[in-house]
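**Q** Starting off with a structure, shown below.
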Amino acid sequence: MFITISFAELSEYIKSQYGKCFSFSKTSEKEVCVSYSKDFFFKTVQVPVSISIDEVKLDAIHIIYDRGLGIDMMIAGTLSFLKAKLPELTNVIVLKKNHQLSNLLSRLSQTKSLVENLWLHDILVHDDHFENKTSFWLNYLNYPILNIL
């Protein structure tokens, strides 16, 4: 089964929920450039960050972002903002060494049942959307059902 979300839909969701403007563009099958629009006095500046999908596990997604002191500060600031707005994310989104970020889905009540019932295989970046390859997971058999739907 494939679950997709378009870049436009994700941008609109972020803007409607958080009032922030982000745009997305494909760099490669596993990498996306995320640009944040920041207003400085009389000019709007685009701040790009390259994000690579490093690993997709049953209960976690690990990403790597491009290096740089400014980017590190932006990521730390964004995480602080998110965790202040949504304290339940404190143990879910973990900043690690070497510019790695882990999203531990089993630690969040809203996604815990998701990872208990779905097997996340991979996340791919397409020209205008993200695609998640997923299977249903039969817990009592400990066996995935591949490519249903």
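In the structure tokens, chains take letters A, B, ... by order of appearance, with residues numbered from 1 within each chain and ligands from 1 in the order shown.
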Using the chain letters and numbers from this document, which residues of segment 1-128 of chain A does DSSP assign to strand (DSSP E), as a VMD selection string?
**A** chain A and resid 2 to 6 22 to 28 31 to 40 43 to 56 60 to 65 93 to 96 100 to 104 118 to 125
**Q** Which polymer residues have any atom within 6 Å of an atom of segment 97-100 of chain A, counting only C-alpha atoms, with same-chain residues fewer than 6 positions away left out, as a list in words?
**A**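 Counting only the stated atoms, we get Ile63, Ile64 and Tyr65 of chain A.
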**Q** Quick one: everything within 8 Å of Pro48 of chain A, counting only C-alpha atoms, minus sequence neighbours fewer than 6 positions away in the same chain. Send it as a list in words.
**A**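 Counting only the stated atoms, we get Cys33, Val34, Ser35 and Tyr36 of chain A.
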**Q** I'd like to know which of A:Ile3, A:Glu31, A:Lys26, A:Leu58 is closest to Thr111 of chain A, using only C-alpha atoms.
**A** A:Leu58
**Q** Pick out the residues sitting within 7 Å of Thr134 of chain A, and hand them over as a ChimeraX atom specification; count only C-alpha atoms, and ignore anything fewer than 3 positions along from it in its own chain.
**A** /A:1-2,118-121
**Q** Next, write the just-selected residues to a file, as a short mmCIF file (atom, residue, chain, number, x, y, z; two decimals), in the first residue's frame, keeping C-alpha atoms as the atom set.
**A**
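Heads up, here's the output in part.cif:
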```
data_model
loop_
_atom_site.label_atom_id
_atom_site.label_comp_id
_atom_site.auth_asym_id
_atom_site.auth_seq_id
_atom_site.Cartn_x
_atom_site.Cartn_y
_atom_site.Cartn_z
CA MET A 1 0.00 0.00 0.00
CA PHE A 2 1.24 3.50 -0.78
CA LEU A 118 1.30 -0.77 9.89
CA TRP A 119 4.77 -1.71 8.74
CA LEU A 120 6.58 1.33 7.37
CA HIS A 121 8.89 0.08 4.61
#
```
**Q** For atom CA of Lys15 of chain A and atom CA of Val32 of chain A, quote the distance in Å rounded to one decimal.
**A**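 According to the coordinates, atom CA of Lys15 of chain A and atom CA of Val32 of chain A are separated by 18.6 Å.
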**Q** As a compact mmCIF listing (two decimals) with N, CA and C atoms, in the first residue's frame, which residues of segment 13-43 of chain A does DSSP assign to alpha helix (DSSP H)?
**A**
```txt
# COMPACT_ATOMS: atom_id res chain seq x y z
N TYR A 13 -1.00 22.71 4.98
CA TYR A 13 -1.28 22.25 6.34
C TYR A 13 -0.39 23.00 7.35
N ILE A 14 0.88 23.09 7.07
CA ILE A 14 1.82 23.78 7.98
C ILE A 14 1.42 25.25 8.12
N LYS A 15 1.07 25.87 7.01
CA LYS A 15 0.68 27.29 7.05
C LYS A 15 -0.61 27.49 7.84
N SER A 16 -1.58 26.61 7.64
CA SER A 16 -2.86 26.76 8.36
C SER A 16 -2.74 26.45 9.84
N GLN A 17 -1.90 25.51 10.20
CA GLN A 17 -1.77 25.11 11.60
C GLN A 17 -0.79 25.96 12.39
N TYR A 18 0.30 26.40 11.74
CA TYR A 18 1.38 27.07 12.47
C TYR A 18 1.72 28.46 11.94
```
**Q** Could you give me, as a PyMOL selection string, the residues within 12 Å of segment 81-86 of chain A, counting only C-alpha atoms and dropping anything in the same chain fewer than 4 positions from it?
**A** chain A and resi 14+17-18+20+74-77+90-94+108
**Q** Taking 3 positions as the minimum chain separation for residues in the same chain, which residues sit within 12 Å of Val45 of chain A when counting only C-alpha atoms? Answer as a PyMOL selection string.
**A** chain A and resi 21-22+35-42+48
**Q** Between atom CA of Leu114 of chain A and atom CA of Leu89 of chain A, what distance in Å does the model show, to one decimal?
**A**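 Pair atom CA of Leu114 of chain A / atom CA of Leu89 of chain A returns 16.0 Å.
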**Q** Between A:Lys112, A:Asp128, A:Phe136, A:Asn117, which is the closest to Phe7 of chain A once you count only C-alpha atoms?
**A**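 When distances to Phe7 of chain A are compared using only C-alpha atoms, the smallest one comes from A:Asp128.
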**Q** Quick one: residues within 12 Å of Val56 of chain A, only C-alpha atoms counted, chain neighbours fewer than 3 positions away excluded, as a list of chain:residue names?
**A** A:Lys30, A:Ser52, A:Ile53, A:Asp59, A:Ala60, A:Ile61, A:His62, A:Ile63, A:Ser102, A:Asn103, A:Leu104, A:Leu105, A:Val115, A:Trp119, A:Leu120, A:His121, A:Asp122, A:Ile123, A:Leu124, A:Asn132, A:Lys133, A:Thr134
